[in-house]
2 protein chains.
Amino acid sequence: MKRQDPNRQLEFLLSEVVRLQHRVYNQRFRATGLQQTQVAALIHLDRVEQLSQTDLAARLGMRKAATGTLIDGLEGKGLVERRRGREDRRLQLVSITDAGRDVVERVDEMAEGLATGYRRGISRDERVQLVSILQRLRENLRRMDVASAEPD
Amino acid sequence: MKRQDPNRQLEFLLSEVVRLQHRVYNQRFRATGLQQTQVAALIHLDRVEQLSQTDLAARLGMRKAATGTLIDGLEGKGLVERRRGREDRRLQLVSITDAGRDVVERVDEMAEGLATGYRRGISRDERVQLVSILQRLRENLRRMDVASAEPD
DNA sequence: CCTTTATGGTATGACATCATACCATCTGGA
DNA sequence: TCCAGATGGTATGATGTCATACCATAAAGG
């Protein structure tokens with residue numbers, strides 16, 4: 001039962017990196033009052049016109065409930081709008097506002113600066129590789145998630 | 001200002017994967033009553049005899065306060081012990097108990113099963129590569145973290 | 001020695017996410 | 001047509017992590 005060095009155990013390493021990442025980004029974005037996840041949501045919305053909450057949840061890898069409160073926050077700041085679906089009135093269609101687009105613009109510039117330090121010592125090829133592997137990991141995890149998540 | 005596809009933006013992708021990962025693992029480990037992070041802490045402690053809380057915090061990428069409550073939980077279950085440092089009485093030296101070692105053993109077996117689905121379609125070489133890149137990313141983030149975190 | 005500063009840990013209040021349970025609306029078959 | 005299940009969303013209570021502020025002990029300089 002030779003156990004992995006926890007420093008190399010993929011799952012733990014990923015968690016650690018993401019914890020650090022959230023901390024660093026949230027410190028830097030303090031001025032905007034936005035969390036990294038909210039920024040992610042805004043950027044998703046900036047590229048697609050509108051999205052139901054369930055769609056958005058799937059893209060962020062979150063649950064519906066959490067996505068709802070996430071959007072509450074963005075809506076409260078006027079960065080995002082909700083409209084009931086016209087055909088299917090269960091849907092909450094979320095779309096970004098002009099104010100939201102401005103924020104994305106500003107945040108993008110900040111992110112530019114951060115990315116420099118973030119990517120130091122990692123080549124373009126490696127980044128491409130990394131993304132590719134992470135996408136497969138995500139696929140695997142999605143499969144494992146639904147496999148056990150009947151009741152939602 | 002050509003913006004990245006959020007599906008490929010490294011930072012977001014990492015966050016998403018880790019959210020999924022936590023969900024899947026916590027579902028599966030429900031029976032043990034442990035969170036993935038607690039498991040990580042146990043495994044660290046299983047390999048080093050003892051560790052101060054600050055050390056442990058550094059290894060997990062967390063802050064001191066959060067690490068304290070994490071350990072409270074493990075201590076409450078009897079998986080871990082705290083002793084005041086004999087030479088430096090500020091230190092809380094944390095070490096794993098026999099019960100803790102048993103849990104690690106059991107969890108390791110469960111993790112074995114999970115890892116199969118987790119790693120599907122990802123070669124050994126790719127995993128090595130991934131770990132290497134993540135370690136550099138971690139280094140970068142640590143630098144960016146302390147760079148701004150004077151007051152703790 | 002004695003004071004200042006650094007360091008380990010804890011307390012507190014905020015917030016994000018989760019799981020579960022629930023309500024509203026749609027859809028497909030009897 | 002209408003009822004049963006599926007699906008979108010919300011409400012609630014728990015927990016994990018954070019940032020900040022604080023206390024206790026140690027180390028360093030006069």
# chains A, B, ... in the order shown; residues from 1 in each chain; ligands from 1
>>> closest_atom_pairs(of="chain C", to="chain B", cutoff="9 Å", atoms="only C-alpha atoms (C1' of nucleotides)", output="CSV")
residue,atom,partner,partner_atom,distance
C:DT7,C1',B:Arg90,CA,8.7
C:DG8,C1',B:Arg90,CA,5.3
C:DG9,C1',B:Arg90,CA,7.2
C:DT10,C1',B:Ala65,CA,7.4
C:DT17,C1',B:Arg19,CA,9.0
C:DC18,C1',B:Arg23,CA,8.1
>>> select_by_dssp(residues="range 25-150 of chain B", states="helix (DSSP H, G or I)", output="ChimeraX atom specification")
/B:25-28,30-32,36-46,53-60,64-76,98-118,124-148
>>> interface_residues(of="chain B", to="chain A", cutoff="8 Å", atoms="only C-alpha atoms", output="JSON, numbers by chain")
{"B": [6, 8, 10, 11, 12, 13, 14, 15, 16, 17, 18, 19, 20, 21, 23, 24, 37, 40, 43, 44, 60, 61, 62, 117, 118, 119, 120, 121, 122, 126, 127, 130, 131, 133, 134, 135, 136, 137, 138, 140, 141, 142, 144, 145]}
>>> interface_residues(of="chain D", to="chain A", cutoff="12 Å", atoms="only C-alpha atoms (C1' of nucleotides)", output="number ranges by chain")
D: 6-12, 16-19
>>> write_last_selection(atoms="N, CA and C atoms (P, O5', C5', C4', C3', O3' and C1' of nucleotides)", output="tab-separated table (two decimals), in the first residue's frame")
chain	number	residue	atom	x	y	z
D	6	DA	P	-39.76	10.80	-13.88
D	6	DA	O5'	-39.47	12.18	-14.59
D	6	DA	C5'	-39.61	12.27	-16.00
D	6	DA	C4'	-39.40	13.69	-16.44
D	6	DA	C3'	-38.07	14.29	-15.96
D	6	DA	O3'	-37.48	14.93	-17.07
D	6	DA	C1'	-39.86	15.68	-15.31
D	7	DT	P	-35.98	15.43	-17.04
D	7	DT	O5'	-36.14	16.98	-16.74
D	7	DT	C5'	-36.88	17.77	-17.64
D	7	DT	C4'	-37.06	19.14	-17.05
D	7	DT	C3'	-35.78	19.73	-16.44
D	7	DT	O3'	-35.60	21.01	-17.00
D	7	DT	C1'	-37.59	19.99	-15.00
D	8	DG	P	-34.32	21.86	-16.79
D	8	DG	O5'	-34.93	23.10	-16.00
D	8	DG	C5'	-35.65	24.08	-16.73
D	8	DG	C4'	-36.03	25.19	-15.78
D	8	DG	C3'	-34.84	25.81	-15.06
D	8	DG	O3'	-34.91	27.23	-15.15
D	8	DG	C1'	-36.46	25.05	-13.50
D	9	DG	P	-33.79	28.10	-14.48
D	9	DG	O5'	-34.35	28.29	-13.00
D	9	DG	C5'	-35.58	28.99	-12.86
D	9	DG	C4'	-36.03	29.02	-11.41
D	9	DG	C3'	-35.02	29.62	-10.43
D	9	DG	O3'	-35.56	30.86	-9.98
D	9	DG	C1'	-36.05	27.64	-9.58
D	10	DT	P	-34.89	31.66	-8.81
D	10	DT	O5'	-35.48	31.03	-7.47
D	10	DT	C5'	-36.87	31.15	-7.22
D	10	DT	C4'	-37.19	30.70	-5.81
D	10	DT	C3'	-36.35	31.36	-4.71
D	10	DT	O3'	-37.26	31.74	-3.69
D	10	DT	C1'	-36.20	29.01	-4.53
D	11	DA	P	-36.79	32.49	-2.40
D	11	DA	O5'	-36.77	31.33	-1.30
D	11	DA	C5'	-37.91	30.51	-1.12
D	11	DA	C4'	-37.76	29.68	0.15
D	11	DA	C3'	-36.98	30.35	1.28
D	11	DA	O3'	-37.59	29.96	2.51
D	11	DA	C1'	-35.87	28.36	0.61
D	12	DT	P	-37.07	30.54	3.90
D	12	DT	O5'	-36.15	29.36	4.44
D	12	DT	C5'	-36.66	28.02	4.35
D	12	DT	C4'	-35.68	27.06	5.00
D	12	DT	C3'	-34.78	27.67	6.08
D	12	DT	O3'	-34.73	26.75	7.16
D	12	DT	C1'	-33.45	26.61	4.47
D	16	DG	P	-16.87	21.44	7.72
D	16	DG	O5'	-16.08	22.22	6.59
D	16	DG	C5'	-16.54	22.16	5.25
D	16	DG	C4'	-15.81	23.22	4.44
D	16	DG	C3'	-14.43	23.60	4.95
D	16	DG	O3'	-13.59	23.83	3.83
D	16	DG	C1'	-15.84	25.50	5.00
D	17	DT	P	-12.05	24.05	4.01
D	17	DT	O5'	-11.84	25.61	3.88
D	17	DT	C5'	-11.99	26.22	2.62
D	17	DT	C4'	-12.04	27.71	2.79
D	17	DT	C3'	-10.81	28.30	3.48
D	17	DT	O3'	-10.01	28.95	2.50
D	17	DT	C1'	-12.87	29.30	4.21
D	18	DC	P	-8.79	29.89	2.93
D	18	DC	O5'	-9.50	31.32	3.13
D	18	DC	C5'	-10.36	31.80	2.11
D	18	DC	C4'	-10.88	33.16	2.51
D	18	DC	C3'	-9.81	34.06	3.09
D	18	DC	O3'	-9.60	35.18	2.25
D	18	DC	C1'	-11.78	34.01	4.48
D	19	DA	P	-8.37	36.13	2.54
D	19	DA	O5'	-8.94	37.25	3.53
D	19	DA	C5'	-10.09	37.98	3.16
D	19	DA	C4'	-10.41	38.99	4.24
D	19	DA	C3'	-9.21	39.76	4.77
D	19	DA	O3'	-9.61	41.10	4.98
D	19	DA	C1'	-10.23	38.57	6.54
>>> atom_distance(atom1="CA of Phe29 in chain A", atom2="CA of Ala66 in chain B")
21.5 Å
